[in-house]
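Report on the structure given below.
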Amino acid sequence: MTRVIYGNELAKRIKDEMAIEIKDIVAKGNRRPCLCVILVGEDPASVSYVKGKDKACKEIGIESKMISLPFETTQEQLLSIIDRCNQDDTIDGILVQLPLPKHINEKVIINSIDPGKDVDGLHPVNVAKLYSNEDGFIPCTPLGVMKMIEEAGINVDGKHVVVIGRSKLVGSPVSRLLLNNNATVTMCHSHTADLKAICKQGDILVVCVGKAKMITKEYVKDGACVIDVGVNRVNGKLCGDVDYDDVFDKCSVITPVPKGVGPMTICMLLKNTLKAYYK
Ligand code: GUN
C-alpha cells in the first residue's frame, strides 16, 4: 500500500499549534510576531504567492506587513526600505519576494537583509550556518520536505537520498540539510549522466527539477519514498515533476501536487518567523 502524505493536512496541524502558541504570547501582554513581505512589480505568480503568505500569517495571529512597490523601484530605493525594516524592532522577519525585476541585483538585496530577520534563509550568513551545521535560518521548502519525510515515519539517518535539482532555494539546501541529518546524499542535475540508474538507487527521491511529470516509474526503486517539490501548470492544471499516477504503485510513500510540499513551504515560513521573534 502506498501512503500519501498530504502537506495541507500536516501544515494545518502545525499552524493550529502555532496559533495556540501565539495566542498565549499575546495573552501574556507581548506584541505579536510580525512578518514583512516586500514585493516589487506585479508578476501574477508572485502576487498570488504573496497573498498566500499574508493570509497564512493572519490565520495564526502573526502580523503581516505587505509592502508592494512599483516595478520601476530602483535598487537604492529598495535597499533603503530594507534598511528601515532591519532597524524596526517590531518587524521580526523580512522576505523579499523573488524573482526581482532585472534592473535590481538579487544578491545585493538578499545580502542587505539582517541575517537575524532572514526568514527565507538566503543570506550568506545563514547559508554558511547550514553548511557548518549551526543554528540559523533554513529555507522554507527544504524544511517542509524534512517535515514530510518525518511525518512518513522515515528516519533519514543512513538512508540513500537522491536529490534531483541543485537550485539555491531548494536542491542545494535540502541536500545539505539531509546530509546534516546523516543521510547519504547524491545530488543530480541537468548534466548528470545516467540519471535513471542513479535515481533507482534512492531510498528517498526528492524531486525539484522544474519539469512537469519528468519522473516516471523507471526512475523509482521499489518501495521508495518520493517527495515532489515541483509546481508546473499543464493545460491550466497544476502538476508536479513526478508522474504521480505512473509511479504511485511503485513507491511506499508519495507527496501529491497540489496539496503536497507547497502548503508546507508557507507553514515553515511562519515557523521561521516565530523563531525570529523569539531570537
Ligand atoms: N519565489 C518563489 N519561491 C520563493 C521563496 O521561497 N522565497 C522568496 N523570497 N521568493 C520566492
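Letters for chains follow the order of the C-alpha cells (A, B, ...), residue numbers begin at 1 for each chain, and ligand numbers begin at 1 in the order shown.
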
Quiz item: Please, which residues have at least one atom within 12 Å of an atom of ligand 1, using only C-alpha atoms and all ligand atoms, listed as a ChimeraX atom specification?
Solution: /A:36-40,43-50,52-53,93-100,106-107,109-110,113,118-123,138-144,167-170,173,229-231,261-269

Practice problem: For Lys58 (chain A), please output as a PyMOL selection string all residues within 12 Å (counting only C-alpha atoms; exclusion window: fewer than 6 positions along the same chain). | Solution: chain A and resi 15+18-19+22+32-35+51-52+64-66+270

How about saving the chosen residues, C-alpha atoms kept, as a PDB file, in the first residue's frame?
```
ATOM      1  CA  LYS A  15      -0.417  26.019  12.068  1.00  0.00           C
ATOM      2  CA  MET A  18       1.417  27.845  16.317  1.00  0.00           C
ATOM      3  CA  ALA A  19      -1.903  29.707  16.596  1.00  0.00           C
ATOM      4  CA  ILE A  22       0.779  32.984  19.548  1.00  0.00           C
ATOM      5  CA  ARG A  32       2.518  39.748  18.047  1.00  0.00           C
ATOM      6  CA  PRO A  33       5.261  38.283  15.841  1.00  0.00           C
ATOM      7  CA  CYS A  34       5.467  40.232  12.582  1.00  0.00           C
ATOM      8  CA  LEU A  35       6.497  39.282   9.057  1.00  0.00           C
ATOM      9  CA  LYS A  51      -1.302  36.848  -0.928  1.00  0.00           C
ATOM     10  CA  GLY A  52      -0.997  33.256   0.318  1.00  0.00           C
ATOM     11  CA  SER A  64       1.620  40.693   8.269  1.00  0.00           C
ATOM     12  CA  LYS A  65       3.125  43.829   6.711  1.00  0.00           C
ATOM     13  CA  MET A  66       2.888  43.830   2.935  1.00  0.00           C
ATOM     14  CA  LEU A 270       5.513  31.015   9.668  1.00  0.00           C
TER      15      LEU A 270
END
```

Self-check item: A:Gly240, A:Gly202, A:Gly158, A:Gly136 ranked by distance to Ile215 (chain A), top pick (using only C-alpha atoms)
Solution: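 Comparing A:Gly240, A:Gly202, A:Gly158, A:Gly136 against Ile215 (chain A), the winner is A:Gly240.
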
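Proximity to Val253 (chain A) at 10 Å, evaluated using only C-alpha atoms and with sequence-adjacent residues fewer than 3 positions away removed, yields Met1, Thr2, Arg3, Val4, Ile5, Ile149, Ala152, Gly153, Ile154, Ile204, Gly223, Ala224, Cys225, Val226, Ile227, Phe248, Asp249 and Lys250 of chain A.
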
Self-check item: Residue set, region 35-198 of chain A restricted to strand (DSSP E or B), as a PyMOL selection string
Solution: chain A and resi 35-40+63-69+93-96+118+160-164+184-188

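With distances restricted to only C-alpha atoms, A:Asp203 is the closest residue to Lys159 (chain A) from A:Gly171, A:Glu72, A:Asp203, A:His191.
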
Self-check item: Shortest interatomic distance to Leu78 (chain A) - which of A:Thr90, A:Asn232, A:Ser112, A:Asn180, counting only C-alpha atoms
Solution: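 So, comparing all the options, the nearest one is A:Ser112.
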
Quiz item: What gap, in Å, lies between CA of Cys208 (chain A) and CA of Asn235 (chain A)?
Solution: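 Going from CA of Cys208 (chain A) over to CA of Asn235 (chain A) covers 20.4 Å.
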
Exercise. Could you check how far CA of Ala11 (chain A) sits from CA of Ser172 (chain A), in Å to one decimal?
Key: 23.1 Å

Please, which residues in region 175-218 of chain A fall within 10 Å of region 128-131 of chain A when counting only C-alpha atoms, and what is the closest atom pair and distance in Å to one decimal for each, ordered by chain then residue number, as a tab-separated table?
```
residue	atom	partner	partner_atom	distance
A:Arg176	CA	A:Tyr131	CA	6.6
A:Leu177	CA	A:Leu130	CA	7.2
A:Leu179	CA	A:Tyr131	CA	9.6
A:Asn180	CA	A:Tyr131	CA	8.3
```

Self-check item: Tyr278 (chain A) environment, 9 Å, only C-alpha atoms, sequence neighbours closer than 4 positions dropped, as a PyMOL selection string
Solution: chain A and resi 33+92+273-274

Quiz item: Between A:Asp83, A:Val161, A:Gly116, A:Met148, which has the minimum distance to Asn8 (chain A) (counting only C-alpha atoms)?
Solution: A:Met148

Exercise. Could you check how far CA of Val242 (chain A) sits from CA of Leu10 (chain A), in Å to one decimal?
Key: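 Straight-line distance from CA of Val242 (chain A) to CA of Leu10 (chain A) works out to 20.6 Å.
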
Self-check item: Proximity to Leu205 (chain A) - best of A:Ala193, A:Asp16, A:Val162, A:Asn182, only C-alpha atoms
Solution: A:Val162

Self-check item: region 49-154 of chain A: residues DSSP assigns to helix (DSSP H, G or I), reported as a PyMOL selection string
Solution: chain A and resi 49-60+75-87+106-112+115-117+124-131+140-151

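Proximity to Ala212 (chain A) was assessed for A:Asp88, A:Asp241, A:Val234, A:Lys117 counting only C-alpha atoms; the smallest distance is recorded for A:Asp241.
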